[in-house]
Structure formats: structure tokens, C-alpha cells
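S.K.: Encoded as C-alpha cells, here's the structure I'll be asking about.
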Amino acid sequence: MRSYLDFEKPVAELEAKADELRALEARGDGISLSEEIGKLDARASQALKELYAALTPWQKTLVARHPQRPHFKDYCAGLITEFTPLAGDRAFGEDEAIVGGFGRFRGEPVCVIGQEKGDSTETRIRHNFGMPKPEGYRKAVRLAELADRFGLPVLSFVDTAGAYPGIEAEERGQAEAIARSTEAWLGLRSPSVALVIGEGGSGGAIAIAAASRVMMMEHAIYSVISPEGAASILWRDTARAQDAATGMKITAQDLLKFGIIDKIVQEPTGGAHRDGQAAINRAGDAISAALGDLAGLSGEDIVAKRADKFLAIGRNL
């Protein structure tokens with residue numbers, strides 16, 4: 001069943017009425033309700049289009065967290081063939097909040113790394129709700145450096161509320177692991193493309209997003225802290241998360257304007273959760289175009305252009 005967000009209630013009501021008429025027509029009483037169903041579908045489609053054309057930053061936050069939104073495993077299955085996952089950081093253990101390995105993107109060999117939140121109680125617990133621990137980032141570094149050694153592009157898919165803040169993560173060097181991962185990404189001599197597919201939270205995101213090309217899905221968010229976290233610090237009131245979301249400029253549109261990201265990948269009307277395959281296909285086209293732009297550059301040029309890109313952030317506001 002489709003899950004609706006609170007602000008989608010007008011659309012939910014129209015689609016529910018249309019479904020009721022379809023069920024009534026399907027009973028086979030000889031009643032044709034096609035015209036009425038068509039009108040309701042058209043109204044629902046128009047309402048959805050108007051609603052998503054004027055989303056507030058907080059509403060975009062809710063869309064980015066939608067439980068039916070495609071996750072990394074969906075992008076990996078839809079875009080990568082012959083995917084071979086690799087596990088472990090060769091220092092402590094395995095962290096399933098970050099999944100990575102090697103495969104082929106449109107026929108070309110690549111390294112693929114992404115944060116996976118899970119889509120059921122069991123998988124969410126197994127993937128720690130997409131919040132990586134130090135061993136996850138160290139695994140990501142291991143795979144990225146292995147790809148760099150063989151000159152393979154690195155694709156990263158960002159979707160995390162943030163790095164895991166637990167005591168055991170701090171004991172194992174969470175901050176150092178994030179810093180090392182960010183440093184590794186900045187130093188890659190092979191092309192790298194990062195795509196924020198849902199939430200891009202703080203250092204937990206930038207650790208695998210310091211890429212040559214950084215892109216966001218249309219209704220994704222990317223920030224140094226969650227709106228709730230910012231509200232609790234600024235006003236000691238998480239109920240003011242909507243105000244924080246507006247002031248923090250966390251949407252793809254704002255970040256493109258500030259030069260923090262390079263491209264917005266358009267989602268289907270109503271968000272990626274309404275047509276996951278279409279969203280994944282558009283993401284694939286954007287990644288392909290980004291890799292095409294980077295093709296032919298030497299390792300030195302790739303590193304230098306990536307450095308220039310990040311050093312320029314904030315200089316021309």
C-alpha cells in the first residue's frame with residue numbers, strides 16, 4: 001500500500017475515491033465509471049503536481065525520509081550489474097550501514113559504495129538505520145583506494161541521518177575515521193561521483209561525498225545537522241524543526257545555488273517513492289553524464305579540479 005505524508009492528504013482523498021470507484025466497477029454490475037475515475041485521477045495528478053512544485057524545506061525533509069523511497073540497494077540493483085559486495089575494514093569488523101563492492105555500470109567496471117537504511121524492522125536493525133560506525137568508513141576507504149589503484153571510477157550513494165553517535169563508535173575513533181575517509185575521497189586520482197539519494201547528514205555524509213561531482217535527487221536534503229538537532233541546540237525545542245529546516249538551506253535547490261552541489265536529478269512527480277524505477281533511471285543518466293565529463297582527465301587533473309571545487313565553496317556568496 002502507498003504511504004502518504006500528512007501534507008499529501010488532499011491527494012490521498014482523491015486517490016482513495018478513485019480506488020473505491022474502481023473496486024465498484026470491478027464487481028461486474030455493468031456500471032461504467034470510467035469517466036468519473038478519469039476525472040478523479042486527473043484532479044489527483046494535478047493536485048500532486050501543484051503540491052510538489054511548492055514544497056517547503058521541512059516537507060522536502062519528510063519526502064527525503066519517506067519509508068518507500070528507493071534505498072541504496074534499489075539503486076545498486078537497478079544500475080549495477082555483476083555486483084560483488086566486499087565486507088570488513090581489515091581492522092575491526094564489518095559494518096552493514098555501508099555496503100560496497102565492485103560491479104559494472106552500463107558495461108564499465110566501477111566501485112560502488114552506499115549507505116543502506118533498510119526497509120523493514122529486521123533490515124533496519126541490521127544496517128543500523130544507515131548510521132555508519134568507524135569500521136564502515138574504514139571499509140569505504142579500503143574499497144575506494146583499491147579502486148583508485150586500478151583506475152576505476154568510484155560511485156557513492158549517500159543516505160544517512162548521520163554517523164552513529166554511540167559510545168562504542170567514539171571508542172573506536174569515529175571522528176578520525178570520518179576525517180580519513182574524507183581525505184581519501186579528496187585524494188582519489190580516479191573519477192568519483194556522489195549522489196545524495198535521501199538524507200545527507202553531517203560528516204556521516206561528507207565522508208563518502210567529497211567527490212569530483214556531487215549531485216542530489218530533487219527532494220533530497222544535505223546539511224551539517226538534522227533540522228531537529230539544530231532546533232534542539234538553537235531553541236531547545238525540537239518542535240521548531242520546521243523553522244530550522246527553512247533557515248539551514250538544506251534543499252537541493254539552495255545548495256545548487258550556493259555551489260555546494262553540481263547538479264539536481266529530477267524526480268518523478270510526487271517524489272522518487274511514487275516511481276522508484278524512473279528515479280533510478282534518471283539517476284543513472286546523470287551519473288553517466290558526470291563520468292563522461294571526467295573521462296580523459298589525468299589523475300593529477302582530477303585531484304586538482306576536485307580541490308578547486310571544494311576550496312571555492314563559500315567564496316562567491
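Each chain in the C-alpha cells gets a letter, A, B and so on, in the order shown; residues start at 1 in every chain, and ligands are counted from 1 in the order they appear.
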Please return as a count of residues only: the residues of range 22-202 of chain A that backbone DSSP assigns to helix (DSSP H, G or I).

M.R.: 84

S.K.: Which residues, written as a PyMOL selection string, have at least one atom at most 12 Å from Ser192 in chain A, with only C-alpha atoms counted and residues fewer than 5 positions away on the same chain left out?

M.R.: chain A and resi 110-113+144-145+147-148+151-157+184-187+208-215+287-288+290-295+299+302-303+305-306

S.K.: For Asp95 in chain A, work out the shell of residues within 10 Å, counting only C-alpha atoms and skipping chain neighbours fewer than 6 positions away, then give it as JSON, numbers by chain.

M.R.: {"A": [87, 88, 89, 126, 127, 128, 130, 131, 132, 133, 134, 135, 136, 137, 138, 139]}

S.K.: How many Å separate CA of Leu40 in chain A from CA of Ala23 in chain A?

M.R.: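 Those two atoms sit 14.2 Å apart.
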
S.K.: Do you know which residues are at most 10 Å from Ala47 in chain A counting only C-alpha atoms, after dropping those on the same chain fewer than 2 positions away, and could you put them as a list in words?

M.R.: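 Neighbouring residues, sequence-local ones excluded: Glu8, Pro10, Val11, Leu14, Asp41, Ala42, Arg43, Ala44, Ser45, Lys49, Glu50, Leu51, Tyr52, Ala53 and Gly270 of chain A.
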
S.K.: With N, CA, C and O atoms retained, export the selected residues as a short mmCIF file (atom, residue, chain, number, x, y, z; two decimals), in the first residue's frame.

M.R.:
```cif
data_model
loop_
_atom_site.label_atom_id
_atom_site.label_comp_id
_atom_site.auth_asym_id
_atom_site.auth_seq_id
_atom_site.Cartn_x
_atom_site.Cartn_y
_atom_site.Cartn_z
N GLU A 8 0.11 15.40 2.13
CA GLU A 8 -0.43 14.80 0.92
C GLU A 8 -1.89 14.37 1.06
O GLU A 8 -2.44 13.71 0.18
N PRO A 10 -4.83 15.85 0.71
CA PRO A 10 -5.76 16.13 -0.39
C PRO A 10 -5.63 15.14 -1.56
O PRO A 10 -6.63 14.71 -2.14
N VAL A 11 -4.39 14.76 -1.86
CA VAL A 11 -4.15 13.78 -2.92
C VAL A 11 -4.63 12.40 -2.49
O VAL A 11 -5.25 11.66 -3.27
N LEU A 14 -8.44 12.06 -2.92
CA LEU A 14 -8.85 11.91 -4.31
C LEU A 14 -8.51 10.52 -4.83
O LEU A 14 -9.32 9.88 -5.52
N ASP A 41 -8.67 10.89 -11.25
CA ASP A 41 -7.24 10.69 -11.48
C ASP A 41 -6.57 11.97 -11.96
O ASP A 41 -5.46 12.31 -11.54
N ALA A 42 -7.26 12.68 -12.84
CA ALA A 42 -6.71 13.93 -13.37
C ALA A 42 -6.59 14.98 -12.26
O ALA A 42 -5.58 15.69 -12.17
N ARG A 43 -7.61 15.05 -11.41
CA ARG A 43 -7.57 16.00 -10.30
C ARG A 43 -6.45 15.65 -9.32
O ARG A 43 -5.74 16.54 -8.82
N ALA A 44 -6.31 14.36 -9.05
CA ALA A 44 -5.26 13.92 -8.12
C ALA A 44 -3.88 14.21 -8.69
O ALA A 44 -2.98 14.67 -7.98
N SER A 45 -3.72 13.96 -9.99
CA SER A 45 -2.43 14.21 -10.63
C SER A 45 -2.08 15.69 -10.61
O SER A 45 -0.94 16.07 -10.32
N LYS A 49 0.99 17.51 -8.59
CA LYS A 49 1.95 18.35 -9.31
C LYS A 49 2.09 19.71 -8.64
O LYS A 49 3.20 20.21 -8.44
N GLU A 50 0.96 20.32 -8.29
CA GLU A 50 0.98 21.64 -7.66
C GLU A 50 1.61 21.57 -6.27
O GLU A 50 2.35 22.47 -5.86
N LEU A 51 1.31 20.48 -5.55
CA LEU A 51 1.83 20.32 -4.20
C LEU A 51 3.35 20.20 -4.21
O LEU A 51 4.06 20.87 -3.44
N TYR A 52 3.88 19.38 -5.11
CA TYR A 52 5.32 19.13 -5.14
C TYR A 52 6.10 20.25 -5.82
O TYR A 52 7.33 20.30 -5.71
N ALA A 53 5.40 21.15 -6.49
CA ALA A 53 6.08 22.29 -7.09
C ALA A 53 6.36 23.38 -6.07
O ALA A 53 7.13 24.30 -6.33
N GLY A 270 5.62 13.79 -7.58
CA GLY A 270 5.22 13.11 -6.36
C GLY A 270 6.37 12.46 -5.62
O GLY A 270 6.17 11.82 -4.58
#
```

S.K.: Using only C-alpha atoms for the distances, tell me which of A:Ala18, A:Ile225, A:Ala175, A:Ile260 is nearest to Met248 in chain A.

M.R.: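 Using only C-alpha atoms, Met248 in chain A sits closest to A:Ile225.
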
S.K.: Can you pull out every residue within 12 Å of Thr246 in chain A, counting only C-alpha atoms, but drop anything in the same chain fewer than 6 positions away, and send it as an MDAnalysis selection string?

M.R.: chainID A and resid 55:61 221 223 226:228 230:231 240 254

S.K.: Can you pull out every residue from range 94-308 of chain A that DSSP, working from the backbone, puts in strand (DSSP E or B), and format the result as a ChimeraX atom specification?

M.R.: /A:98-105,108-115,154-160,192-201,213-217,221-223,251,263-265

S.K.: Taking C-alpha atoms for each residue, export the selection above as a CSV table (one decimal), in the first residue's frame.

M.R.:
```
chain,number,residue,atom,x,y,z
A,98,ILE,CA,27.8,1.0,4.5
A,99,VAL,CA,27.6,-1.5,1.6
A,100,GLY,CA,30.3,-1.6,-1.0
A,101,GLY,CA,31.8,-3.6,-3.7
A,102,PHE,CA,32.6,-3.8,-7.4
A,103,GLY,CA,30.4,-4.2,-10.5
A,104,ARG,CA,29.6,-2.8,-13.9
A,105,PHE,CA,27.8,0.5,-14.6
A,108,GLU,CA,32.1,-0.3,-17.4
A,109,PRO,CA,33.8,-1.6,-14.2
A,110,VAL,CA,33.2,0.6,-11.2
A,111,CYS,CA,33.5,0.7,-7.4
A,112,VAL,CA,30.1,1.2,-5.7
A,113,ILE,CA,29.7,2.4,-2.1
A,114,GLY,CA,26.5,3.4,-0.4
A,115,GLN,CA,24.7,3.9,2.9
A,154,VAL,CA,34.1,5.4,-7.6
A,155,LEU,CA,30.3,5.9,-7.3
A,156,SER,CA,28.9,6.7,-3.8
A,157,PHE,CA,25.2,6.9,-2.8
A,158,VAL,CA,24.6,9.0,0.3
A,159,ASP,CA,21.6,8.3,2.5
A,160,THR,CA,22.2,8.7,6.2
A,192,SER,CA,34.3,10.0,-8.4
A,193,VAL,CA,30.6,10.8,-8.4
A,194,ALA,CA,28.5,11.1,-5.3
A,195,LEU,CA,24.7,11.2,-5.3
A,196,VAL,CA,22.6,12.2,-2.3
A,197,ILE,CA,19.5,10.0,-2.7
A,198,GLY,CA,17.7,10.8,0.6
A,199,GLU,CA,19.3,12.3,3.7
A,200,GLY,CA,22.8,13.7,3.6
A,201,GLY,CA,23.6,14.2,7.3
A,213,ARG,CA,30.9,15.6,-9.0
A,214,VAL,CA,28.3,15.9,-6.2
A,215,MET,CA,24.6,15.6,-7.2
A,216,MET,CA,21.3,15.4,-5.3
A,217,MET,CA,18.0,13.9,-6.1
A,221,ILE,CA,18.4,17.1,1.8
A,222,TYR,CA,22.1,17.7,2.7
A,223,SER,CA,23.2,19.5,5.9
A,251,THR,CA,17.4,21.6,-0.1
A,263,LYS,CA,23.5,19.0,-10.4
A,264,ILE,CA,20.0,18.2,-9.3
A,265,VAL,CA,18.5,15.0,-10.6
```

S.K.: Looking at A:Ile37, A:Ala161, A:Ile313, A:Ala207, which one is nearest to Val141 in chain A, with distances taken over only C-alpha atoms?

M.R.: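 Among the listed residues, A:Ala207 lies closest to Val141 in chain A.
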
S.K.: Nearest residue to Leu188 in chain A out of A:Glu300, A:Asp285, A:Asp275, A:Glu171, using only C-alpha atoms?

M.R.: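 Nearest candidate to Leu188 in chain A out of A:Glu300, A:Asp285, A:Asp275, A:Glu171: A:Glu300.
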